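Heads up, data_39.cif below (mmCIF, C-alpha atoms and all ligand atoms):
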```cif
data_input
#
loop_
_atom_site.group_PDB
_atom_site.id
_atom_site.type_symbol
_atom_site.label_atom_id
_atom_site.label_comp_id
_atom_site.auth_asym_id
_atom_site.auth_seq_id
_atom_site.Cartn_x
_atom_site.Cartn_y
_atom_site.Cartn_z
ATOM 1 C CA MET A 1 5.055 -2.379 -28.560
ATOM 2 C CA MET A 2 3.542 -0.216 -25.811
ATOM 3 C CA ASN A 3 0.136 1.294 -26.634
ATOM 4 C CA SER A 4 -1.520 4.360 -25.150
ATOM 5 C CA LYS A 5 -3.454 2.352 -22.542
ATOM 6 C CA VAL A 6 -0.333 0.648 -21.148
ATOM 7 C CA HIS A 7 1.500 3.965 -21.300
ATOM 8 C CA GLU A 8 -1.263 5.657 -19.312
ATOM 9 C CA LEU A 9 -1.391 2.908 -16.686
ATOM 10 C CA LEU A 10 2.398 2.964 -16.245
ATOM 11 C CA ASN A 11 2.298 6.743 -15.897
ATOM 12 C CA GLN A 12 -0.505 6.506 -13.319
ATOM 13 C CA GLN A 13 1.516 3.963 -11.378
ATOM 14 C CA ILE A 14 4.227 6.581 -10.747
ATOM 15 C CA ASN A 15 1.596 8.568 -8.874
ATOM 16 C CA LYS A 16 0.232 5.508 -7.051
ATOM 17 C CA GLU A 17 3.695 4.584 -5.802
ATOM 18 C CA PHE A 18 4.410 8.126 -4.615
ATOM 19 C CA TYR A 19 1.038 8.077 -2.875
ATOM 20 C CA SER A 20 2.079 4.805 -1.207
ATOM 21 C CA ALA A 21 5.218 6.552 0.054
ATOM 22 C CA TYR A 22 3.091 9.404 1.365
ATOM 23 C CA LEU A 23 0.686 6.976 3.036
ATOM 24 C CA TYR A 24 3.506 5.125 4.763
ATOM 25 C CA LEU A 25 5.079 8.366 5.925
ATOM 26 C CA ASP A 26 1.721 9.091 7.518
ATOM 27 C CA PHE A 27 1.757 5.651 9.155
ATOM 28 C CA SER A 28 5.297 6.283 10.371
ATOM 29 C CA ASN A 29 4.258 9.579 11.852
ATOM 30 C CA TRP A 30 1.271 7.943 13.588
ATOM 31 C CA PHE A 31 3.487 5.357 15.292
ATOM 32 C CA LYS A 32 6.082 7.985 16.183
ATOM 33 C CA SER A 33 3.382 10.017 17.928
ATOM 34 C CA LYS A 34 2.554 6.936 20.030
ATOM 35 C CA GLY A 35 6.166 6.394 21.055
ATOM 36 C CA LEU A 36 6.554 3.259 18.933
ATOM 37 C CA ASP A 37 9.766 4.273 17.189
ATOM 38 C CA GLY A 38 10.444 0.800 15.781
ATOM 39 C CA PHE A 39 7.140 0.693 13.894
ATOM 40 C CA ALA A 40 7.811 4.271 12.811
ATOM 41 C CA ASN A 41 11.192 3.172 11.456
ATOM 42 C CA TRP A 42 9.658 0.216 9.635
ATOM 43 C CA TYR A 43 7.211 2.466 7.781
ATOM 44 C CA LEU A 44 9.809 5.146 7.131
ATOM 45 C CA ILE A 45 11.841 2.545 5.252
ATOM 46 C CA GLN A 46 8.693 1.309 3.551
ATOM 47 C CA ALA A 47 8.106 4.859 2.309
ATOM 48 C CA GLN A 48 11.648 4.918 0.887
ATOM 49 C CA GLU A 49 10.942 1.649 -0.958
ATOM 50 C CA GLU A 50 7.786 3.131 -2.437
ATOM 51 C CA ARG A 51 9.718 6.123 -3.745
ATOM 52 C CA ASP A 52 12.096 3.641 -5.367
ATOM 53 C CA HIS A 53 9.122 1.885 -6.975
ATOM 54 C CA ALA A 54 7.847 5.203 -8.331
ATOM 55 C CA MET A 55 11.254 5.975 -9.790
ATOM 56 C CA LEU A 56 11.461 2.564 -11.469
ATOM 57 C CA PHE A 57 8.230 3.287 -13.374
ATOM 58 C CA TYR A 58 9.538 6.770 -14.156
ATOM 59 C CA GLN A 59 12.849 5.382 -15.399
ATOM 60 C CA TYR A 60 11.164 2.669 -17.453
ATOM 61 C CA LEU A 61 9.007 5.202 -19.309
ATOM 62 C CA GLN A 62 12.034 7.397 -19.917
ATOM 63 C CA ASN A 63 13.985 4.423 -21.240
ATOM 64 C CA GLU A 64 11.095 3.720 -23.618
ATOM 65 C CA SER A 65 11.116 7.385 -24.729
ATOM 66 C CA LYS A 66 7.582 7.876 -23.452
ATOM 67 C CA THR A 67 6.175 11.094 -22.058
ATOM 68 C CA ILE A 68 5.717 11.362 -18.312
ATOM 69 C CA THR A 69 3.013 13.433 -16.650
ATOM 70 C CA LEU A 70 3.348 13.962 -12.923
ATOM 71 C CA GLU A 71 -0.032 14.285 -11.246
ATOM 72 C CA GLU A 72 -1.059 15.651 -7.873
ATOM 73 C CA ILE A 73 -0.476 13.298 -4.920
ATOM 74 C CA SER A 74 -3.572 12.758 -2.765
ATOM 75 C CA LYS A 75 -3.610 13.491 0.936
ATOM 76 C CA PRO A 76 -3.565 10.430 3.226
ATOM 77 C CA ASP A 77 -6.738 11.089 5.168
ATOM 78 C CA LYS A 78 -7.469 8.009 7.244
ATOM 79 C CA VAL A 79 -7.820 8.420 10.990
ATOM 80 C CA PHE A 80 -6.629 5.492 13.094
ATOM 81 C CA GLU A 81 -7.560 4.438 16.601
ATOM 82 C CA THR A 82 -5.100 1.600 17.104
ATOM 83 C CA GLY A 83 -1.843 0.289 15.710
ATOM 84 C CA MET A 84 -3.724 -2.726 14.383
ATOM 85 C CA ASP A 85 -5.945 -0.382 12.334
ATOM 86 C CA VAL A 86 -2.824 1.034 10.712
ATOM 87 C CA LEU A 87 -1.375 -2.393 9.937
ATOM 88 C CA LYS A 88 -4.653 -3.573 8.420
ATOM 89 C CA ALA A 89 -4.859 -0.444 6.277
ATOM 90 C CA GLY A 90 -1.322 -1.287 5.106
ATOM 91 C CA LEU A 91 -2.348 -4.767 4.013
ATOM 92 C CA GLU A 92 -5.459 -3.443 2.289
ATOM 93 C CA HIS A 93 -3.339 -0.888 0.446
ATOM 94 C CA GLU A 94 -0.823 -3.490 -0.721
ATOM 95 C CA GLU A 95 -3.646 -5.705 -2.011
ATOM 96 C CA TYR A 96 -4.906 -2.711 -3.965
ATOM 97 C CA VAL A 97 -1.437 -2.068 -5.410
ATOM 98 C CA THR A 98 -1.200 -5.728 -6.402
ATOM 99 C CA SER A 99 -4.461 -5.338 -8.328
ATOM 100 C CA LEU A 100 -3.051 -2.268 -10.105
ATOM 101 C CA ILE A 101 0.119 -4.112 -11.130
ATOM 102 C CA ASN A 102 -1.991 -7.039 -12.334
ATOM 103 C CA ASP A 103 -4.129 -4.682 -14.397
ATOM 104 C CA ILE A 104 -1.080 -3.203 -16.120
ATOM 105 C CA TYR A 105 0.253 -6.692 -16.752
ATOM 106 C CA SER A 106 -3.057 -7.778 -18.307
ATOM 107 C CA ALA A 107 -3.139 -4.705 -20.543
ATOM 108 C CA ALA A 108 0.443 -5.388 -21.669
ATOM 109 C CA GLU A 109 -0.290 -9.065 -22.240
ATOM 110 C CA GLU A 110 -3.293 -8.226 -24.384
ATOM 111 C CA ILE A 111 -1.112 -6.393 -26.897
ATOM 112 C CA LYS A 112 1.910 -8.722 -26.534
ATOM 113 C CA ASP A 113 4.034 -5.964 -25.000
ATOM 114 C CA TYR A 114 6.644 -8.429 -23.791
ATOM 115 C CA ARG A 115 9.106 -5.784 -22.640
ATOM 116 C CA THR A 116 6.589 -4.244 -20.252
ATOM 117 C CA MET A 117 5.556 -7.699 -19.050
ATOM 118 C CA GLN A 118 9.180 -8.498 -18.285
ATOM 119 C CA PHE A 119 9.625 -5.169 -16.486
ATOM 120 C CA LEU A 120 6.512 -5.919 -14.396
ATOM 121 C CA ASP A 121 7.708 -9.409 -13.437
ATOM 122 C CA TRP A 122 9.823 -7.859 -10.672
ATOM 123 C CA PHE A 123 6.796 -6.004 -9.316
ATOM 124 C CA ILE A 124 4.612 -9.120 -9.376
ATOM 125 C CA LYS A 125 7.160 -10.835 -7.130
ATOM 126 C CA GLU A 126 7.656 -7.705 -5.016
ATOM 127 C CA GLN A 127 3.908 -7.452 -4.356
ATOM 128 C CA GLY A 128 3.964 -11.019 -3.038
ATOM 129 C CA GLU A 129 6.642 -9.922 -0.560
ATOM 130 C CA GLU A 130 4.802 -6.705 0.302
ATOM 131 C CA GLU A 131 1.615 -8.585 1.153
ATOM 132 C CA ALA A 132 3.544 -11.217 3.116
ATOM 133 C CA ASN A 133 5.266 -8.466 5.136
ATOM 134 C CA ALA A 134 1.964 -6.721 5.835
ATOM 135 C CA ASN A 135 0.362 -10.005 6.897
ATOM 136 C CA GLY A 136 3.392 -10.796 9.058
ATOM 137 C CA LEU A 137 3.086 -7.523 10.941
ATOM 138 C CA ILE A 138 -0.605 -8.183 11.616
ATOM 139 C CA SER A 139 0.136 -11.685 12.931
ATOM 140 C CA LYS A 140 2.846 -10.370 15.240
ATOM 141 C CA MET A 141 0.598 -7.616 16.509
ATOM 142 C CA GLU A 142 -2.150 -10.162 17.173
ATOM 143 C CA LEU A 143 0.276 -12.306 19.128
ATOM 144 C CA PHE A 144 2.175 -9.631 21.053
ATOM 145 C CA GLY A 145 0.301 -6.332 20.775
ATOM 146 C CA SER A 146 -1.772 -6.617 23.936
ATOM 147 C CA ASP A 147 1.185 -7.225 26.277
ATOM 148 C CA PRO A 148 3.285 -4.060 26.828
ATOM 149 C CA ARG A 149 6.548 -5.958 27.340
ATOM 150 C CA SER A 150 6.075 -8.040 24.210
ATOM 151 C CA LEU A 151 5.048 -4.954 22.255
ATOM 152 C CA TYR A 152 8.234 -3.236 23.418
ATOM 153 C CA LEU A 153 10.313 -6.155 22.122
ATOM 154 C CA LEU A 154 8.413 -6.220 18.823
ATOM 155 C CA ASP A 155 8.988 -2.496 18.436
ATOM 156 C CA LYS A 156 12.698 -3.084 19.045
ATOM 157 C CA GLU A 157 12.725 -5.773 16.357
ATOM 158 C CA LEU A 158 11.159 -3.394 13.846
ATOM 159 C CA ALA A 159 13.660 -0.692 14.771
ATOM 160 C CA ALA A 160 16.358 -2.924 13.272
ATOM 161 C CA ARG A 161 14.978 -2.752 9.732
ATOM 162 C CA VAL A 162 17.441 -1.049 7.395
ATOM 163 C CA TYR A 163 16.959 0.302 3.914
ATOM 164 C CA SER A 164 18.318 -1.573 0.933
ATOM 165 C CA ALA A 165 18.054 -0.415 -2.655
ATOM 166 C CA PRO A 166 15.752 -2.391 -4.991
ATOM 167 C CA SER A 167 17.274 -5.386 -6.739
ATOM 168 C CA LEU A 168 15.815 -4.225 -10.061
ATOM 169 C CA VAL A 169 18.142 -1.954 -11.988
ATOM 170 C CA LEU A 170 17.017 -0.347 -15.250
HETATM 171 FE FE1 LIG A 201 5.092 -0.261 -4.296
HETATM 172 FE FE2 LIG A 201 4.260 -1.453 -1.512
HETATM 173 O O1 LIG A 201 4.205 -1.512 -3.355
#
```
The structure in this file should be written as structure tokens.
Ligand code: FEO
Amino acid sequence: MMNSKVHELLNQQINKEFYSAYLYLDFSNWFKSKGLDGFANWYLIQAQEERDHAMLFYQYLQNESKTITLEEISKPDKVFETGMDVLKAGLEHEEYVTSLINDIYSAAEEIKDYRTMQFLDWFIKEQGEEEANANGLISKMELFGSDPRSLYLLDKELAARVYSAPSLVL
């Protein structure tokens, strides 16, 4: 059964995921201001995914009849010089989120809260994909970012990303 520590961490994760959405909206806005609409689209969809993640934690706590406390969302305050800076900040952020998910999992495992562990399984896999995507963007930028024509084509590729709802349904 869920204890107060796991409950608190799950509640905090709602805020962390909404912050992630906020952060990626900021990234999207940065790229938009540079005329890179494809990158802006990619992060706009990423922000939508983060809102979905937040709502999955919210829904899970509701399903478990646990209280939910919505906290203030911090301001994204990083200043970026280059697109590569943004992409690297994205990877760093996803690695941080992975550590948060792992911490909740460990806390649940400690008290044999199997239901929460099973709920988190989806997020463990998702974080693998999130980090792979962030790494992929960095690799592409390294390869193509310095040539304007290649960057234009990469931006076009990222413009094609479309939103799809999460595969986890609660
Ligand atoms: Fe909600 Fe990008 O992890």
Evaluate the PyMOL selection byres (((not hetatm)) within 6 of (chain A and resi 201)) here and jot the selected residues down as a PDB file with C-alpha atoms, in the coordinates of the input.
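Everything below was put into result_8.pdb:
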```pdb
ATOM      1  CA  GLU A  17       3.695   4.584  -5.802  1.00  0.00           C
ATOM      2  CA  GLU A  50       7.786   3.131  -2.437  1.00  0.00           C
ATOM      3  CA  HIS A  53       9.122   1.885  -6.975  1.00  0.00           C
ATOM      4  CA  GLU A  94      -0.823  -3.490  -0.721  1.00  0.00           C
ATOM      5  CA  GLU A 130       4.802  -6.705   0.302  1.00  0.00           C
TER       6      GLU A 130
END
```
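Distance annotation: of A:Leu23, A:Ser106, A:Leu170, A:Leu151, the residue with the minimal separation from Val79 (chain A) is A:Leu23; atom set is only C-alpha atoms.
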| task | Go through A:Thr82, A:Gln12, A:Asn63, A:Ser4 and flag the residue nearest Trp30 (chain A), using all atoms listed in the file for the distances. | result |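 Residue with the minimum atom-to-atom distance to Trp30 (chain A): A:Thr82.
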_Selected residue of minimal separation from Phe31 (chain A) among A:Glu126, A:Asp147, A:Asp155, A:Glu109, counting only C-alpha atoms_ =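 Of A:Glu126, A:Asp147, A:Asp155, A:Glu109, the one nearest Phe31 (chain A), counting only C-alpha atoms, is A:Asp155.
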One residue among A:Leu87, A:Ala107, A:Val169, A:Ala21 is nearest to Leu56 (chain A) when using only C-alpha atoms, and that residue is A:Val169
Report the residues retrieved by the PyMOL selection byres (((chain A and resi 73-78) around 9) and not hetatm) from the displayed file, expressed as a compact mmCIF listing (two decimals) with C-alpha atoms, in the frame of the given file.
```txt
# COMPACT_ATOMS: atom_id res chain seq x y z
CA ASN A 15 1.60 8.57 -8.87
CA LYS A 16 0.23 5.51 -7.05
CA PHE A 18 4.41 8.13 -4.62
CA TYR A 19 1.04 8.08 -2.88
CA TYR A 22 3.09 9.40 1.36
CA LEU A 23 0.69 6.98 3.04
CA TYR A 24 3.51 5.12 4.76
CA ASP A 26 1.72 9.09 7.52
CA LEU A 70 3.35 13.96 -12.92
CA GLU A 71 -0.03 14.28 -11.25
CA GLU A 72 -1.06 15.65 -7.87
CA VAL A 79 -7.82 8.42 10.99
CA PHE A 80 -6.63 5.49 13.09
CA ALA A 89 -4.86 -0.44 6.28
```
Evaluating the PyMOL selection byres (((chain A and resi 43) around 12) and not hetatm) on the displayed file yields which residues, as a ChimeraX atom specification? /A:20-32,36-42,44-50,86-87,90,133-134,137,155,158-163
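Relative to CA of Val6 (chain A), CA of Lys112 (chain A) is found at 11.0 Å.
A distance cut-off of 10 Å around (9.0, 5.5, -17.0), counting all atoms listed in the file, selects these protein and nucleic acid residues: His7, Leu10, Asn11, Gln13, Ile14, Ala54, Met55, Leu56, Phe57, Tyr58, Gln59, Tyr60, Leu61, Gln62, Asn63, Glu64, Ser65, Lys66, Thr67, Ile68 and Thr69 of chain A.
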note - CA of Asp52 (chain A) and CA of Pro166 (chain A) are separated by 7.1 Å
